[in-house]
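Worksheet: the structure to be examined is printed underneath.
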Amino acid sequence: MRKAWLVAGVSVGACLSFVALLVVGTYSAAAGLLGGAGGAARGVVGLAKGAVPAAYQPLVQRWGNLCPAINPALLAAQLYQESGWNPRAVSPADARGIAQFIPGTWATHGIDGDKDGDRDIWDPADAIPSAASYDCELAGYVKNVPGDRTNNMLAAYNAGAYRVIKAGGVPGISETQNYVRIIRTLEKSFARPVGRVEPSRQAAGAIYFAQKKLGTPYLWGGNGTPEQQGRFDCSGLTQAAYRTVGIELPRVANDQYNAGPHPSRDELLPGDLVFFSDDLNNSRAIRHVGLYVGGGYMINAPYTGAVIRFDKIDTPDYFGATRVTEDGAKALPTARP
């Protein structure tokens, strides 16, 4: 729910032509950026703004550089995939804590990361260093296996080092191959981009859907169903908009933030998701999302009593943006322990 400081949207009828121009312009803007930045170097130099909760960011930054096979964004992707940053998470298989260690694995591989004299599976100050240490240990086991060392390390994490060594790389196990793909994709969401982020080719369709909903009353928890008279809340609207172009986003705004890389404010393009929070250092605290349409405006479902409308994005609670990708959305967890 947005706060009351949001600027009221301009009239729906007067802006339909404005949006139509932006929808057409999305493709030409994307083509122009691709032509000018196709050879830009990419690499991981840090974490995306607020992607890691502030309480854990120093640990992830420090321990994510423990060995060459990992980096902070990769470690963040693993932790997010495993627990969604929940230090009290317990899985049906009795995996525990923020790094989801099985007690037997913890007994062998858990370390005293904060040097306080104990190894506490529930304490992120021990569990996050232990996750990094375990990754690096596995990387050492498979260091002579052909192929990408990080992919082989992740495969060993999922299937065991013996299977990776025997297969001569990532084994042909669908679960293992999916695990490697998911973590490497999520890594891009947690990394601070170097150079321009590649434009989305599905953005125009998402905008087209959203602009047709202008003037529709807001409904908290709304998914646009007939029973709800086609009404939406903020993340229900963005989820429905991207569903029309074949991309299935999570239902909750703070999970939608991880559906792709994060362009800076001056690199926003129509179709980017824009996010708002009272805590600008923690993506898990995000409470509102809109669909950027250009010119400093978004289409959004703001709050109870309002309608889907245009609002300015440059407000004190602006958190950041995500350029949605199909792979990024597919990599997101569908359920939490």
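In the structure tokens, chains take the letters A, B, ... in the order shown, each chain's residues start at 1, and ligands count up from 1 in the order shown.
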Would you pick out the contacts of range 67-82 of chain A at 9 Å or less, using only C-alpha atoms, so that residues sharing its chain but fewer than 6 positions from it are not included, and give the list as a short mmCIF file (atom, residue, chain, number, x, y, z; two decimals) with C-alpha atoms, in the first residue's frame?
data_model
loop_
_atom_site.label_atom_id
_atom_site.label_comp_id
_atom_site.auth_asym_id
_atom_site.auth_seq_id
_atom_site.Cartn_x
_atom_site.Cartn_y
_atom_site.Cartn_z
CA VAL A 44 29.95 -9.17 -10.50
CA VAL A 45 31.51 -6.30 -8.57
CA GLY A 46 29.05 -6.06 -5.70
CA LEU A 47 25.54 -6.64 -4.46
CA ALA A 48 22.47 -4.92 -5.88
CA ALA A 51 18.90 -7.12 -2.33
CA VAL A 52 20.45 -8.63 0.80
CA GLN A 57 24.92 -7.92 3.93
CA VAL A 60 27.46 -12.13 2.58
CA GLN A 61 29.94 -9.59 1.23
CA ALA A 89 13.25 -21.74 8.57
CA ILE A 98 19.02 -19.40 6.99
CA ALA A 99 21.38 -21.74 5.08
CA GLN A 100 19.15 -24.84 5.45
CA ILE A 128 26.30 -17.92 6.44
CA ALA A 131 27.51 -22.09 3.72
CA ALA A 132 30.42 -20.28 2.06
CA SER A 133 32.96 -22.63 3.64
CA ASP A 135 30.76 -24.31 -1.05
CA CYS A 136 34.51 -23.78 -1.16
CA ALA A 139 34.78 -26.62 -5.10
CA ARG A 149 34.05 -24.57 -11.71
CA THR A 150 31.12 -22.77 -10.12
CA ASN A 151 28.54 -24.88 -11.94
CA MET A 153 30.52 -26.77 -7.27
CA ILE A 182 18.30 -21.46 -10.78
CA ILE A 183 21.22 -20.32 -8.64
CA ARG A 184 23.18 -18.92 -11.60
CA THR A 185 20.07 -17.03 -12.74
CA LEU A 186 19.31 -15.67 -9.27
CA GLU A 187 22.96 -14.62 -9.02
CA LYS A 188 22.23 -12.00 -11.70
CA SER A 189 19.37 -10.62 -9.62
CA PHE A 190 21.54 -10.17 -6.54
CA ALA A 191 24.51 -8.70 -8.42
CA ARG A 192 24.98 -5.01 -9.02
CA ALA A 331 14.20 -19.14 -10.88
CA LEU A 332 12.23 -17.70 -7.96
CA PRO A 333 11.01 -20.04 -5.23
CA ARG A 336 8.76 -20.88 1.54
CA PRO A 337 9.54 -23.28 4.41
#
Extract, using only C-alpha atoms, all DNA, RNA and protein residues at most 9 Å from range 253-266 of chain A, discarding same-chain residues fewer than 3 positions from it, and format them as a VMD selection string.
-> chain A and resid 48 to 49 51 185 to 186 188 to 193 196 to 198 234 to 236 238 to 239 249 to 250 269 272 to 275 283 to 289 320 to 333
Please return as a PyMOL selection string: the residues of range 19-192 of chain A that backbone DSSP assigns to alpha helix (DSSP H).
-> chain A and resi 19-37+57-63+72-83+103-109+124-141+149-159+161-167+174-190
